[in-house]
Amino acid sequence: MRPKSIILFERLFLASLALSAITFVVSYAATMDELERQAGLSEIGFGSELLIGTMAVTTAVYLLLWFLIARKASNVAKWFLVAFTAIGTATLAYSFATLGLKTDLNSLLGVAYYVLAVAAVVPLFKPDAVAWLTSEKPADPATFD
């Protein structure tokens, strides 16, 4: 039986992934317009295919981390997710510090995503989640037959 903190993590994390996908769709045209204004990027092949591919790979990695944490109780995956979330949040804060806080839809969706992502990571540090993620799993006796 999975602890309540893991179930809460799972719900918040999947909501953050859904919001990430929505943000990608909403901001796609604006991102492509910005990429087209950067002449050097199209010369090196940075276009819509790479943008979509990056989103697909990133989503696949995050889904793998979700599966490993929420279903397989991987403490290692937890720490990868914590590191990715910390780096992303720090990058967002740096962007706001250097570029200023924008109130357009893309920026607000980005902030909402990181709020959900951080909120999803927090339950992983509650005692029931820590115990579940760090517990030694007994060996299956059938393995030695």
# chains A, B, ... in the order shown; residues from 1 in each chain; ligands from 1
>>> closest_atom_pairs(of="stretch 80-129 of chain A", to="stretch 64-68 of chain A", cutoff="12 Å", atoms="only C-alpha atoms", output="tab-separated table")
residue	atom	partner	partner_atom	distance
A:Phe80	CA	A:Leu65	CA	7.9
A:Leu81	CA	A:Leu65	CA	6.8
A:Val82	CA	A:Leu65	CA	10.4
A:Ala83	CA	A:Leu65	CA	11.9
A:Phe84	CA	A:Leu65	CA	10.6
A:Thr85	CA	A:Leu65	CA	11.9
A:Ala117	CA	A:Trp66	CA	11.7
A:Ala120	CA	A:Trp66	CA	10.5
A:Val121	CA	A:Trp66	CA	10.8
A:Leu124	CA	A:Trp66	CA	11.6
>>> write_last_selection(atoms="N, CA and C atoms", output="PDB file, in the first residue's frame")
ATOM      1  N   PHE A  80      16.939  12.693  -8.206  1.00  0.00           N
ATOM      2  CA  PHE A  80      17.049  13.270  -9.551  1.00  0.00           C
ATOM      3  C   PHE A  80      15.938  14.300  -9.761  1.00  0.00           C
ATOM      4  N   LEU A  81      14.716  13.945  -9.374  1.00  0.00           N
ATOM      5  CA  LEU A  81      13.604  14.873  -9.526  1.00  0.00           C
ATOM      6  C   LEU A  81      13.811  16.128  -8.681  1.00  0.00           C
ATOM      7  N   VAL A  82      14.281  15.967  -7.465  1.00  0.00           N
ATOM      8  CA  VAL A  82      14.551  17.125  -6.603  1.00  0.00           C
ATOM      9  C   VAL A  82      15.593  18.025  -7.269  1.00  0.00           C
ATOM     10  N   ALA A  83      16.650  17.443  -7.813  1.00  0.00           N
ATOM     11  CA  ALA A  83      17.694  18.233  -8.475  1.00  0.00           C
ATOM     12  C   ALA A  83      17.138  18.964  -9.697  1.00  0.00           C
ATOM     13  N   PHE A  84      16.373  18.268 -10.537  1.00  0.00           N
ATOM     14  CA  PHE A  84      15.793  18.901 -11.720  1.00  0.00           C
ATOM     15  C   PHE A  84      14.854  20.041 -11.328  1.00  0.00           C
ATOM     16  N   THR A  85      14.057  19.811 -10.298  1.00  0.00           N
ATOM     17  CA  THR A  85      13.112  20.842  -9.843  1.00  0.00           C
ATOM     18  C   THR A  85      13.860  22.051  -9.286  1.00  0.00           C
ATOM     19  N   ALA A 117       5.188  21.964  -9.383  1.00  0.00           N
ATOM     20  CA  ALA A 117       6.337  21.056  -9.344  1.00  0.00           C
ATOM     21  C   ALA A 117       6.970  21.038  -7.950  1.00  0.00           C
ATOM     22  N   ALA A 120       4.722  19.320  -5.561  1.00  0.00           N
ATOM     23  CA  ALA A 120       4.747  17.864  -5.741  1.00  0.00           C
ATOM     24  C   ALA A 120       5.951  17.239  -5.047  1.00  0.00           C
ATOM     25  N   VAL A 121       7.064  17.931  -5.026  1.00  0.00           N
ATOM     26  CA  VAL A 121       8.284  17.389  -4.423  1.00  0.00           C
ATOM     27  C   VAL A 121       8.212  17.397  -2.899  1.00  0.00           C
ATOM     28  N   LEU A 124       7.443  14.295  -0.777  1.00  0.00           N
ATOM     29  CA  LEU A 124       8.453  13.239  -0.806  1.00  0.00           C
ATOM     30  C   LEU A 124       9.368  13.276   0.416  1.00  0.00           C
TER      31      LEU A 124
END
>>> closest_residue(among="A:Leu108, A:Ala73, A:Met32, A:Ala90", to="A:Ala131", atoms="only C-alpha atoms")
A:Ala73
>>> select_by_dssp(residues="chain A", states="alpha helix (DSSP H)", output="PyMOL selection string")
chain A and resi 4-37+39-43+48-66+75-99+105-121+127-134
>>> write_last_selection(atoms="C-alpha atoms", output="mmCIF file, in the first residue's frame")
data_model
loop_
_atom_site.group_PDB
_atom_site.id
_atom_site.type_symbol
_atom_site.label_atom_id
_atom_site.label_comp_id
_atom_site.auth_asym_id
_atom_site.auth_seq_id
_atom_site.Cartn_x
_atom_site.Cartn_y
_atom_site.Cartn_z
ATOM 1 C CA LYS A 4 -0.699 9.166 1.416
ATOM 2 C CA SER A 5 2.287 11.418 0.757
ATOM 3 C CA ILE A 6 3.243 9.389 -2.314
ATOM 4 C CA ILE A 7 -0.321 9.560 -3.621
ATOM 5 C CA LEU A 8 -0.332 13.334 -3.063
ATOM 6 C CA PHE A 9 3.027 13.583 -4.854
ATOM 7 C CA GLU A 10 1.639 11.592 -7.757
ATOM 8 C CA ARG A 11 -1.433 13.791 -8.160
ATOM 9 C CA LEU A 12 0.469 17.072 -7.925
ATOM 10 C CA PHE A 13 3.257 15.844 -10.177
ATOM 11 C CA LEU A 14 0.915 14.601 -12.902
ATOM 12 C CA ALA A 15 -1.003 17.881 -12.682
ATOM 13 C CA SER A 16 2.285 19.751 -13.183
ATOM 14 C CA LEU A 17 3.061 17.613 -16.241
ATOM 15 C CA ALA A 18 -0.387 18.311 -17.666
ATOM 16 C CA LEU A 19 0.143 22.027 -17.074
ATOM 17 C CA SER A 20 3.546 21.772 -18.754
ATOM 18 C CA ALA A 21 1.911 20.255 -21.839
ATOM 19 C CA ILE A 22 -0.765 22.965 -21.861
ATOM 20 C CA THR A 23 1.919 25.640 -21.526
ATOM 21 C CA PHE A 24 3.840 24.128 -24.432
ATOM 22 C CA VAL A 25 0.767 24.191 -26.678
ATOM 23 C CA VAL A 26 -0.231 27.725 -25.648
ATOM 24 C CA SER A 27 3.284 29.150 -26.062
ATOM 25 C CA TYR A 28 4.267 27.184 -29.170
ATOM 26 C CA ALA A 29 3.511 29.938 -31.706
ATOM 27 C CA ALA A 30 5.254 32.627 -29.653
ATOM 28 C CA THR A 31 8.280 30.390 -29.143
ATOM 29 C CA MET A 32 8.492 29.623 -32.852
ATOM 30 C CA ASP A 33 8.224 33.347 -33.685
ATOM 31 C CA GLU A 34 11.101 34.048 -31.306
ATOM 32 C CA LEU A 35 13.183 31.244 -32.821
ATOM 33 C CA GLU A 36 12.592 32.589 -36.335
ATOM 34 C CA ARG A 37 13.899 35.997 -35.231
ATOM 35 C CA ALA A 39 18.793 33.828 -37.567
ATOM 36 C CA GLY A 40 21.620 31.619 -36.298
ATOM 37 C CA LEU A 41 19.294 29.078 -34.712
ATOM 38 C CA SER A 42 17.628 28.080 -37.970
ATOM 39 C CA GLU A 43 21.048 27.668 -39.576
ATOM 40 C CA SER A 48 9.965 23.092 -34.677
ATOM 41 C CA GLU A 49 11.142 19.483 -34.900
ATOM 42 C CA LEU A 50 13.815 19.996 -32.259
ATOM 43 C CA LEU A 51 11.420 21.976 -30.063
ATOM 44 C CA ILE A 52 8.775 19.237 -30.190
ATOM 45 C CA GLY A 53 11.397 16.515 -29.781
ATOM 46 C CA THR A 54 12.856 18.226 -26.729
ATOM 47 C CA MET A 55 9.424 18.482 -25.164
ATOM 48 C CA ALA A 56 8.706 14.813 -25.906
ATOM 49 C CA VAL A 57 12.015 13.605 -24.446
ATOM 50 C CA THR A 58 11.685 15.830 -21.390
ATOM 51 C CA THR A 59 8.155 14.604 -20.759
ATOM 52 C CA ALA A 60 9.289 10.991 -21.173
ATOM 53 C CA VAL A 61 12.083 11.505 -18.620
ATOM 54 C CA TYR A 62 9.678 13.062 -16.140
ATOM 55 C CA LEU A 63 7.164 10.251 -16.662
ATOM 56 C CA LEU A 64 9.938 7.737 -16.018
ATOM 57 C CA LEU A 65 10.856 9.562 -12.793
ATOM 58 C CA TRP A 66 7.185 9.597 -11.757
ATOM 59 C CA ASN A 75 14.850 6.973 -3.694
ATOM 60 C CA VAL A 76 17.473 7.638 -6.390
ATOM 61 C CA ALA A 77 14.771 8.845 -8.796
ATOM 62 C CA LYS A 78 13.440 11.100 -6.021
ATOM 63 C CA TRP A 79 16.800 12.860 -5.772
ATOM 64 C CA PHE A 80 17.049 13.270 -9.551
ATOM 65 C CA LEU A 81 13.604 14.873 -9.526
ATOM 66 C CA VAL A 82 14.551 17.125 -6.603
ATOM 67 C CA ALA A 83 17.694 18.233 -8.475
ATOM 68 C CA PHE A 84 15.793 18.901 -11.720
ATOM 69 C CA THR A 85 13.112 20.842 -9.843
ATOM 70 C CA ALA A 86 15.698 22.905 -7.965
ATOM 71 C CA ILE A 87 17.608 23.728 -11.163
ATOM 72 C CA GLY A 88 14.401 24.691 -12.966
ATOM 73 C CA THR A 89 13.181 26.847 -10.102
ATOM 74 C CA ALA A 90 16.566 28.565 -9.805
ATOM 75 C CA THR A 91 16.581 29.194 -13.556
ATOM 76 C CA LEU A 92 13.099 30.693 -13.382
ATOM 77 C CA ALA A 93 14.113 32.951 -10.482
ATOM 78 C CA TYR A 94 17.264 34.030 -12.359
ATOM 79 C CA SER A 95 15.200 34.811 -15.466
ATOM 80 C CA PHE A 96 12.847 36.975 -13.459
ATOM 81 C CA ALA A 97 15.762 38.708 -11.752
ATOM 82 C CA THR A 98 17.526 39.527 -15.016
ATOM 83 C CA LEU A 99 14.613 39.981 -17.412
ATOM 84 C CA LEU A 105 0.018 34.151 -20.106
ATOM 85 C CA ASN A 106 3.188 32.177 -20.858
ATOM 86 C CA SER A 107 4.998 33.569 -17.815
ATOM 87 C CA LEU A 108 2.029 32.987 -15.533
ATOM 88 C CA LEU A 109 1.670 29.405 -16.749
ATOM 89 C CA GLY A 110 5.402 28.882 -16.199
ATOM 90 C CA VAL A 111 5.147 30.143 -12.629
ATOM 91 C CA ALA A 112 2.080 27.976 -12.019
ATOM 92 C CA TYR A 113 3.987 24.956 -13.343
ATOM 93 C CA TYR A 114 6.888 25.518 -10.957
ATOM 94 C CA VAL A 115 4.547 26.098 -8.027
ATOM 95 C CA LEU A 116 2.957 22.720 -8.766
ATOM 96 C CA ALA A 117 6.337 21.056 -9.344
ATOM 97 C CA VAL A 118 7.700 22.271 -5.997
ATOM 98 C CA ALA A 119 4.423 21.374 -4.276
ATOM 99 C CA ALA A 120 4.747 17.864 -5.741
ATOM 100 C CA VAL A 121 8.284 17.389 -4.423
ATOM 101 C CA PRO A 127 8.054 10.728 7.114
ATOM 102 C CA ASP A 128 5.716 8.210 5.479
ATOM 103 C CA ALA A 129 7.184 8.868 2.024
ATOM 104 C CA VAL A 130 10.776 8.772 3.301
ATOM 105 C CA ALA A 131 10.120 5.464 5.040
ATOM 106 C CA TRP A 132 8.528 4.007 1.917
ATOM 107 C CA LEU A 133 11.254 5.245 -0.425
ATOM 108 C CA THR A 134 14.161 4.102 1.757
#
